[in-house]
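**Student:** Input file: protein22.txt. Contents: compact mmCIF, C-alpha atoms and all ligand atoms.
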```txt
# COMPACT_ATOMS: atom_id res chain seq x y z
CA MET A 1 -7.44 58.29 -27.02
CA THR A 2 -11.13 58.30 -26.09
CA ARG A 3 -13.31 57.37 -29.05
CA VAL A 4 -16.78 58.91 -28.96
CA ILE A 5 -19.54 56.73 -30.36
CA LYS A 6 -23.07 58.02 -30.77
CA LYS A 7 -24.90 55.22 -32.55
CA SER A 8 -25.89 52.02 -30.75
CA LYS A 9 -25.38 49.97 -33.92
CA ASP A 10 -21.83 51.34 -34.33
CA PHE A 11 -20.97 50.35 -30.78
CA ILE A 12 -22.47 46.87 -31.23
CA LYS A 13 -20.45 46.40 -34.45
CA LEU A 14 -17.27 47.45 -32.70
CA ARG A 15 -17.96 45.26 -29.69
CA ASN A 16 -18.49 42.24 -31.93
CA GLY A 17 -15.28 42.95 -33.82
CA LYS A 18 -11.61 42.10 -33.33
CA LEU A 19 -10.79 45.03 -31.04
CA PHE A 20 -12.93 43.57 -28.27
CA SER A 21 -12.28 39.86 -28.79
CA ASP A 22 -11.19 38.07 -25.60
CA LYS A 23 -10.83 41.39 -23.79
CA SER A 24 -12.48 42.21 -20.46
CA VAL A 25 -14.71 45.26 -20.69
CA GLY A 26 -15.60 47.55 -17.79
CA PHE A 27 -18.59 49.87 -18.13
CA ILE A 28 -19.63 52.93 -16.17
CA PRO A 29 -23.06 54.31 -17.10
CA THR A 30 -23.43 58.01 -16.21
CA MET A 31 -25.61 61.00 -16.93
CA GLY A 32 -22.55 63.25 -17.24
CA ALA A 33 -21.55 66.16 -14.98
CA LEU A 34 -18.71 63.87 -13.92
CA HIS A 35 -17.27 64.23 -10.43
CA GLN A 36 -14.86 62.34 -8.16
CA GLY A 37 -17.54 59.69 -7.49
CA HIS A 38 -17.63 58.79 -11.20
CA ILE A 39 -13.86 59.08 -11.41
CA ALA A 40 -13.44 56.50 -8.61
CA LEU A 41 -15.64 54.06 -10.56
CA ILE A 42 -13.73 54.72 -13.78
CA LYS A 43 -10.36 54.21 -12.08
CA LYS A 44 -11.56 50.91 -10.63
CA SER A 45 -12.64 49.78 -14.09
CA LEU A 46 -9.35 50.87 -15.68
CA LYS A 47 -7.54 48.73 -13.13
CA GLN A 48 -9.76 45.67 -13.50
CA ASN A 49 -10.38 45.54 -17.27
CA ASP A 50 -8.61 45.67 -20.63
CA ILE A 51 -11.15 48.11 -22.07
CA THR A 52 -13.17 50.78 -20.24
CA VAL A 53 -16.37 52.24 -21.65
CA VAL A 54 -18.25 55.19 -20.13
CA SER A 55 -21.68 56.30 -21.28
CA ILE A 56 -23.10 59.78 -20.93
CA TYR A 57 -26.84 59.78 -21.45
CA VAL A 58 -29.30 61.88 -19.48
CA ASN A 59 -32.13 59.40 -19.41
CA PRO A 60 -35.50 61.21 -19.64
CA THR A 61 -37.58 58.22 -18.54
CA GLN A 62 -36.15 58.22 -15.01
CA PHE A 63 -37.12 61.83 -14.28
CA ASN A 64 -40.58 62.07 -12.78
CA ASN A 65 -40.14 65.84 -12.59
CA PRO A 66 -39.70 67.50 -16.02
CA ASP A 67 -38.06 70.55 -14.43
CA ASP A 68 -35.39 68.37 -12.81
CA PHE A 69 -34.69 66.83 -16.24
CA LYS A 70 -34.48 70.26 -17.93
CA LYS A 71 -32.12 71.58 -15.26
CA TYR A 72 -29.87 68.52 -15.11
CA PRO A 73 -26.33 69.91 -15.44
CA ASP A 74 -24.70 69.53 -18.85
CA THR A 75 -20.90 69.78 -18.73
CA PHE A 76 -20.14 67.64 -21.78
CA ASN A 77 -16.91 69.30 -22.95
CA GLN A 78 -15.44 69.20 -19.47
CA ASP A 79 -16.56 65.56 -19.07
CA LEU A 80 -14.85 64.58 -22.31
CA GLN A 81 -11.60 66.20 -21.16
CA ILE A 82 -11.79 64.19 -17.91
CA LEU A 83 -12.33 60.94 -19.82
CA LYS A 84 -9.44 61.70 -22.18
CA LYS A 85 -7.13 62.47 -19.28
CA LEU A 86 -8.07 59.21 -17.57
CA LYS A 87 -7.46 57.37 -20.87
CA VAL A 88 -10.95 55.90 -21.04
CA ASP A 89 -11.18 53.90 -24.27
CA TYR A 90 -14.75 54.63 -25.39
CA LEU A 91 -17.46 57.14 -24.63
CA LEU A 92 -20.93 56.08 -25.66
CA HIS A 93 -22.99 59.23 -26.12
CA PRO A 94 -26.31 58.32 -27.71
CA ASN A 95 -29.45 60.40 -28.25
CA TYR A 96 -33.03 59.47 -27.36
CA SER A 97 -33.88 57.54 -30.55
CA GLU A 98 -30.70 55.47 -30.25
CA ILE A 99 -31.77 54.26 -26.82
CA TYR A 100 -35.55 54.23 -27.27
CA PRO A 101 -36.29 53.00 -30.82
CA ASP A 102 -39.40 51.48 -29.16
CA ASN A 103 -40.41 54.87 -27.74
CA TYR A 104 -40.31 53.31 -24.23
CA ASN A 105 -43.05 50.79 -25.00
CA TYR A 106 -40.91 48.04 -23.48
CA ARG A 107 -39.84 48.39 -19.84
CA ILE A 108 -38.21 46.58 -16.94
CA ILE A 109 -40.42 46.64 -13.85
CA GLU A 110 -39.41 45.52 -10.37
CA THR A 111 -42.42 45.18 -8.13
CA ASP A 112 -41.09 45.22 -4.57
CA PHE A 113 -38.00 47.16 -3.44
CA SER A 114 -38.45 49.73 -6.24
CA LYS A 115 -41.69 50.83 -4.59
CA LYS A 116 -39.93 51.72 -1.32
CA LEU A 117 -37.66 54.65 -0.27
CA CYS A 118 -37.10 56.87 -3.36
CA GLY A 119 -39.54 54.75 -5.38
CA LYS A 120 -42.41 55.82 -3.12
CA PHE A 121 -41.82 59.47 -3.99
CA ARG A 122 -40.62 59.18 -7.58
CA PRO A 123 -43.18 57.07 -9.42
CA GLY A 124 -41.67 55.46 -12.52
CA HIS A 125 -38.12 56.43 -11.58
CA PHE A 126 -36.70 52.95 -11.13
CA GLU A 127 -38.63 51.65 -14.13
CA GLY A 128 -36.72 54.25 -16.17
CA VAL A 129 -33.40 53.43 -14.49
CA LEU A 130 -33.66 49.65 -14.88
CA THR A 131 -34.87 49.93 -18.47
CA VAL A 132 -32.02 52.20 -19.54
CA VAL A 133 -29.41 50.16 -17.65
CA MET A 134 -30.66 46.96 -19.32
CA LYS A 135 -30.48 48.64 -22.74
CA LEU A 136 -26.97 50.00 -22.11
CA LEU A 137 -25.76 46.63 -20.79
CA ASN A 138 -27.12 44.96 -23.90
CA ILE A 139 -25.35 47.45 -26.16
CA VAL A 140 -22.01 47.35 -24.32
CA LYS A 141 -22.10 43.70 -23.08
CA PRO A 142 -19.47 44.47 -20.41
CA SER A 143 -17.73 41.92 -18.21
CA ARG A 144 -18.19 44.31 -15.27
CA ALA A 145 -20.43 47.33 -14.68
CA TYR A 146 -19.77 49.86 -11.92
CA PHE A 147 -22.27 51.66 -9.66
CA GLY A 148 -21.74 53.90 -6.64
CA GLU A 149 -23.18 53.19 -3.19
CA LYS A 150 -24.58 56.71 -2.99
CA ASP A 151 -27.48 55.42 -5.07
CA TYR A 152 -27.73 52.33 -2.91
CA GLN A 153 -31.29 51.46 -3.84
CA GLN A 154 -30.38 51.72 -7.53
CA LEU A 155 -27.33 49.53 -6.96
CA GLN A 156 -29.41 46.83 -5.24
CA LEU A 157 -32.08 46.93 -7.93
CA VAL A 158 -29.50 46.65 -10.72
CA ARG A 159 -27.88 43.70 -8.91
CA GLY A 160 -31.30 42.09 -8.58
CA MET A 161 -32.06 42.66 -12.26
CA ALA A 162 -28.73 41.19 -13.35
CA LYS A 163 -29.50 38.08 -11.31
CA ALA A 164 -33.14 37.82 -12.36
CA PHE A 165 -32.34 38.07 -16.07
CA PHE A 166 -29.17 35.90 -15.97
CA LEU A 167 -27.00 38.76 -17.27
CA ASP A 168 -23.34 37.91 -17.84
CA THR A 169 -22.19 41.23 -16.40
CA LYS A 170 -20.78 41.34 -12.88
CA ILE A 171 -22.12 44.33 -10.93
CA ILE A 172 -19.37 46.07 -8.95
CA SER A 173 -19.98 48.74 -6.32
CA HIS A 174 -17.84 51.48 -4.85
CA PRO A 175 -18.28 53.37 -1.55
CA THR A 176 -19.75 56.87 -1.68
CA ILE A 177 -17.20 59.61 -2.29
CA ARG A 178 -17.74 62.66 -0.06
CA THR A 179 -16.42 66.16 0.39
CA LYS A 180 -14.23 66.52 3.47
CA GLU A 181 -17.31 67.92 5.25
CA GLY A 182 -19.21 64.69 4.48
CA LEU A 183 -21.52 65.74 1.64
CA ALA A 184 -22.01 62.84 -0.79
CA LEU A 185 -20.81 63.87 -4.25
CA SER A 186 -23.61 64.19 -6.77
CA SER A 187 -24.04 65.95 -10.10
CA ARG A 188 -26.95 67.83 -8.54
CA ASN A 189 -24.58 69.49 -6.02
CA LEU A 190 -23.58 71.79 -8.89
CA ARG A 191 -26.97 73.44 -8.49
CA LEU A 192 -26.53 74.23 -4.76
CA ASN A 193 -25.79 77.87 -3.90
CA LYS A 194 -23.13 78.92 -1.38
CA GLU A 195 -25.48 78.90 1.62
CA GLN A 196 -26.97 75.54 0.67
CA LEU A 197 -23.50 74.06 0.21
CA LYS A 198 -22.62 75.13 3.71
CA VAL A 199 -25.61 73.42 5.35
CA ALA A 200 -25.78 70.34 3.03
CA PRO A 201 -23.16 68.23 4.97
CA GLU A 202 -25.45 68.33 8.03
CA PHE A 203 -27.60 65.78 6.22
CA ASN A 204 -24.84 63.16 6.37
CA ARG A 205 -23.83 64.15 9.89
CA LEU A 206 -27.38 63.56 11.15
CA LEU A 207 -27.79 60.28 9.27
CA LYS A 208 -24.66 59.03 11.02
CA SER A 209 -25.68 60.44 14.40
CA ARG A 210 -27.64 57.37 15.62
CA LEU A 211 -30.35 59.72 16.88
CA PRO A 212 -33.93 58.43 16.65
CA ILE A 213 -35.44 59.00 13.20
CA ASN A 214 -37.92 61.61 14.45
CA GLU A 215 -35.12 63.58 16.04
CA ILE A 216 -33.06 63.46 12.82
CA LYS A 217 -36.08 64.71 10.89
CA SER A 218 -36.79 67.55 13.30
CA GLN A 219 -33.14 68.70 13.35
CA LEU A 220 -33.02 68.63 9.56
CA LYS A 221 -36.18 70.74 9.39
CA LYS A 222 -34.72 73.26 11.83
CA LEU A 223 -31.69 73.57 9.56
CA GLY A 224 -33.91 74.41 6.57
CA PHE A 225 -34.13 71.00 4.85
CA LYS A 226 -37.44 69.73 3.56
CA VAL A 227 -37.50 66.06 4.53
CA GLU A 228 -38.91 63.57 2.04
CA TYR A 229 -38.04 60.44 3.99
CA ILE A 230 -35.62 59.06 6.55
CA GLU A 231 -35.91 55.29 6.92
CA LYS A 232 -33.94 52.47 8.39
CA ILE A 233 -33.84 49.20 6.45
CA ASN A 234 -31.75 46.36 7.82
CA ASN A 235 -28.44 47.88 8.84
CA ARG A 236 -28.66 51.01 6.72
CA ILE A 237 -30.31 54.37 7.17
CA PHE A 238 -31.56 56.04 3.99
CA GLY A 239 -32.74 59.58 3.44
CA ALA A 240 -33.94 62.05 0.83
CA VAL A 241 -34.23 65.76 1.51
CA TYR A 242 -34.62 68.99 -0.40
CA LEU A 243 -32.61 72.17 -0.09
CA GLY A 244 -34.68 74.69 -2.04
CA ASN A 245 -35.80 72.64 -5.02
CA ILE A 246 -32.65 70.51 -5.13
CA ARG A 247 -33.11 66.94 -4.02
CA LEU A 248 -30.30 65.19 -2.13
CA ILE A 249 -30.11 61.53 -1.20
CA ASP A 250 -27.70 59.69 1.03
CA ASN A 251 -27.40 56.47 3.02
CA VAL A 252 -25.04 55.17 5.68
CA LYS A 253 -24.35 51.79 7.23
CA ILE A 254 -25.19 51.66 10.94
O1 LIG B 1 -26.85 56.79 -11.56
C1 LIG B 1 -27.04 57.35 -12.67
O2 LIG B 1 -26.33 58.28 -13.07
C2 LIG B 1 -28.17 56.87 -13.55
O3 LIG B 1 -29.26 56.48 -12.81
C3 LIG B 1 -27.75 55.78 -14.54
C4 LIG B 1 -27.31 54.51 -13.83
C5 LIG B 1 -26.62 56.28 -15.42
C6 LIG B 1 -28.93 55.41 -15.45
O4 LIG B 1 -29.37 56.49 -16.20
```
Since I need it in another form, could you write the structure as structure tokens?
**Tutor:**
Amino acid sequence: MTRVIKKSKDFIKLRNGKLFSDKSVGFIPTMGALHQGHIALIKKSLKQNDITVVSIYVNPTQFNNPDDFKKYPDTFNQDLQILKKLKVDYLLHPNYSEIYPDNYNYRIIETDFSKKLCGKFRPGHFEGVLTVVMKLLNIVKPSRAYFGEKDYQQLQLVRGMAKAFFLDTKIISHPTIRTKEGLALSSRNLRLNKEQLKVAPEFNRLLKSRLPINEIKSQLKKLGFKVEYIEKINNRIFGAVYLGNIRLIDNVKI
């Protein structure tokens, strides 16, 4: 049975009680619209922990574009069925005031890597992500927390935060889950129309192509993508593009 808990204080009470004592807890924070990428993280947690907790909270402070926030897919009933089927123990499903009793007056700021790649184009995004992740980790106090490599920059920043603030939680990653055509799974894919879905896998194909960055950009443009950035850092190539007004990100190891 999946127990749904909406109040932070109820979750904290539970976590401090007998049910959780001496048990390992795995935690997967999500914004809902669950797909196979989330499911892979959940399955890993179910395998590695006694108790698995998933949160569904569409965090307003990480959206620099209000329209993107408004249009973020909401498939709550379907998500709950998925969690029940997987036998997830707890779903934390708080509202704004449960997470931001301070009205976002207190924040986690990273001053270096968060300003690069996506951070350059989405001011305040990683501040919102790190702040909400810190809050959720403090509510759930998991032994392990799971993040996908699709959001590689997020994963690295969360790892850095856990280290910088001496958090007890171990941060565990999982490779990006893709469609058989190569498109990285993302909740935002639900907003792509048929034509966009057909061309979207070209993004991954070109990132993997080893072509020079300018050539990747020009081929993407020819295919109808609007390119935000394509950048190589260390042994990884990162990119963000738009199809219509839907933003896609991806990264591959080279
Ligand atoms: O990756 C996401 O879905 C979100 O950024 C997260 C980690 C749940 C924080 O809101």
**Student:** List every residue of chain A that has an atom at most 8 Å from any atom of ligand LIG 1 (chain B), and for each one report the closest atom pair and its distance in Å to one decimal, counting all atoms listed in the file, with rows sorted by chain and then by increasing residue number, as JSON lines.
**Tutor:**
```
{"residue": "A:Ile28", "atom": "CA", "partner": "B:LIG1", "partner_atom": "C5", "distance": 7.8}
{"residue": "A:Pro29", "atom": "CA", "partner": "B:LIG1", "partner_atom": "C5", "distance": 4.4}
{"residue": "A:Thr30", "atom": "CA", "partner": "B:LIG1", "partner_atom": "C5", "distance": 3.7}
{"residue": "A:Met31", "atom": "CA", "partner": "B:LIG1", "partner_atom": "O2", "distance": 4.8}
{"residue": "A:Gly32", "atom": "CA", "partner": "B:LIG1", "partner_atom": "O2", "distance": 7.5}
{"residue": "A:Ser55", "atom": "CA", "partner": "B:LIG1", "partner_atom": "C5", "distance": 7.7}
{"residue": "A:Ile56", "atom": "CA", "partner": "B:LIG1", "partner_atom": "C5", "distance": 7.4}
{"residue": "A:Tyr57", "atom": "CA", "partner": "B:LIG1", "partner_atom": "O4", "distance": 6.7}
{"residue": "A:Val58", "atom": "CA", "partner": "B:LIG1", "partner_atom": "O4", "distance": 6.3}
{"residue": "A:Asn59", "atom": "CA", "partner": "B:LIG1", "partner_atom": "O4", "distance": 5.1}
{"residue": "A:Gln62", "atom": "CA", "partner": "B:LIG1", "partner_atom": "O4", "distance": 7.1}
{"residue": "A:Gly128", "atom": "CA", "partner": "B:LIG1", "partner_atom": "O4", "distance": 7.7}
{"residue": "A:Val129", "atom": "CA", "partner": "B:LIG1", "partner_atom": "C6", "distance": 5.0}
{"residue": "A:Leu130", "atom": "CA", "partner": "B:LIG1", "partner_atom": "C6", "distance": 7.5}
{"residue": "A:Val132", "atom": "CA", "partner": "B:LIG1", "partner_atom": "C6", "distance": 6.0}
{"residue": "A:Val133", "atom": "CA", "partner": "B:LIG1", "partner_atom": "C6", "distance": 5.7}
{"residue": "A:Phe147", "atom": "CA", "partner": "B:LIG1", "partner_atom": "O1", "distance": 7.1}
{"residue": "A:Gly148", "atom": "CA", "partner": "B:LIG1", "partner_atom": "O1", "distance": 7.7}
{"residue": "A:Asp151", "atom": "CA", "partner": "B:LIG1", "partner_atom": "O1", "distance": 6.7}
{"residue": "A:Gln154", "atom": "CA", "partner": "B:LIG1", "partner_atom": "O3", "distance": 7.2}
```
**Student:** Quick one: write out the picked residues with C-alpha atoms as a PDB file, in the coordinates of the input?
**Tutor:**
```pdb
ATOM      1  CA  ILE A  28     -19.630  52.930 -16.170  1.00  0.00           C
ATOM      2  CA  PRO A  29     -23.060  54.310 -17.100  1.00  0.00           C
ATOM      3  CA  THR A  30     -23.430  58.010 -16.210  1.00  0.00           C
ATOM      4  CA  MET A  31     -25.610  61.000 -16.930  1.00  0.00           C
ATOM      5  CA  GLY A  32     -22.550  63.250 -17.240  1.00  0.00           C
ATOM      6  CA  SER A  55     -21.680  56.300 -21.280  1.00  0.00           C
ATOM      7  CA  ILE A  56     -23.100  59.780 -20.930  1.00  0.00           C
ATOM      8  CA  TYR A  57     -26.840  59.780 -21.450  1.00  0.00           C
ATOM      9  CA  VAL A  58     -29.300  61.880 -19.480  1.00  0.00           C
ATOM     10  CA  ASN A  59     -32.130  59.400 -19.410  1.00  0.00           C
ATOM     11  CA  GLN A  62     -36.150  58.220 -15.010  1.00  0.00           C
ATOM     12  CA  GLY A 128     -36.720  54.250 -16.170  1.00  0.00           C
ATOM     13  CA  VAL A 129     -33.400  53.430 -14.490  1.00  0.00           C
ATOM     14  CA  LEU A 130     -33.660  49.650 -14.880  1.00  0.00           C
ATOM     15  CA  VAL A 132     -32.020  52.200 -19.540  1.00  0.00           C
ATOM     16  CA  VAL A 133     -29.410  50.160 -17.650  1.00  0.00           C
ATOM     17  CA  PHE A 147     -22.270  51.660  -9.660  1.00  0.00           C
ATOM     18  CA  GLY A 148     -21.740  53.900  -6.640  1.00  0.00           C
ATOM     19  CA  ASP A 151     -27.480  55.420  -5.070  1.00  0.00           C
ATOM     20  CA  GLN A 154     -30.380  51.720  -7.530  1.00  0.00           C
TER      21      GLN A 154
END
```
**Student:** Between A:Asn138, A:Asn49, A:Asn189, A:Thr75, which has the minimum distance to Pro201 of chain A (counting only C-alpha atoms)?
**Tutor:**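 Distance minimum relative to Pro201 of chain A lands on A:Asn189.
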**Student:** In terms of the shortest atom-to-atom distance over only C-alpha atoms, which of A:Lys141, A:Arg247, A:Lys232, A:Lys43 is closest to Asn214 of chain A?
**Tutor:**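 Closest candidate: A:Lys232.
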**Student:** List every protein, DNA or RNA residue that has an atom no more than 12 Å from (-38.7, 60.2, 5.4) in the file's coordinate frame, counting all atoms listed in the file, and report them as an NGL selection string.
**Tutor:** :A and (116-118 or 120-121 or 207 or 213-218 or 220-221 or 225-232 or 237-242 or 249-250)
**Student:** Mind checking which residues fall within 8 Å of Ile254 of chain A, counting only C-alpha atoms, ignoring those fewer than 6 positions away in the same chain, and posting them as an MDAnalysis selection string?
**Tutor:** chainID A and resid 208 210 235:237
**Student:** I need every residue sitting at most 12 Å from the point (-35.9, 55.2, -27.0) (coordinates as in the file, all atoms listed in the file considered), written as a list in words.
**Tutor:**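 I get Ser8, Tyr57, Asn59, Pro60, Thr61, Pro94, Asn95, Tyr96, Ser97, Glu98, Ile99, Tyr100, Pro101, Asp102, Asn103, Tyr104, Asn105, Tyr106, Arg107, Gly128, Thr131, Val132, Lys135 and Leu136 of chain A for the residues within 12 Å of that point.
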**Student:** Quick one, how far is atom CA of Phe11 of chain A from atom CA of Ile42 of chain A?
**Tutor:**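 Straight-line distance from atom CA of Phe11 of chain A to atom CA of Ile42 of chain A works out to 19.0 Å.
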**Student:** State, in Å with one decimal place, the distance from atom CA of Pro142 of chain A to atom CA of Phe113 of chain A.
**Tutor:**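 Atom-to-atom, atom CA of Pro142 of chain A to atom CA of Phe113 of chain A, that is 25.3 Å.
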**Student:** Provide the atom CA of Ala40 of chain A to atom CA of Ser186 of chain A distance in Å, to one decimal place.
**Tutor:** 12.9 Å
**Student:** Counting only C-alpha atoms, what is within 9 Å of segment 15-20 of chain A, bar same-chain residues fewer than 5 positions away, as a list in words?
**Tutor:** Asp10, Val25, Ile51, Ile139, Val140 and Lys141 of chain A
**Student:** What are the centre and edge lengths in Å, to one decimal, of the axis-aligned box around all listed atoms of segment 131-143 of chain A with 4 Å added on each side, as AutoDock Vina command-line options?
**Tutor:**
```
--center_x -26.3 --center_y 47.1 --center_z -21.9 --size_x 25.1 --size_y 18.3 --size_z 16.5
```
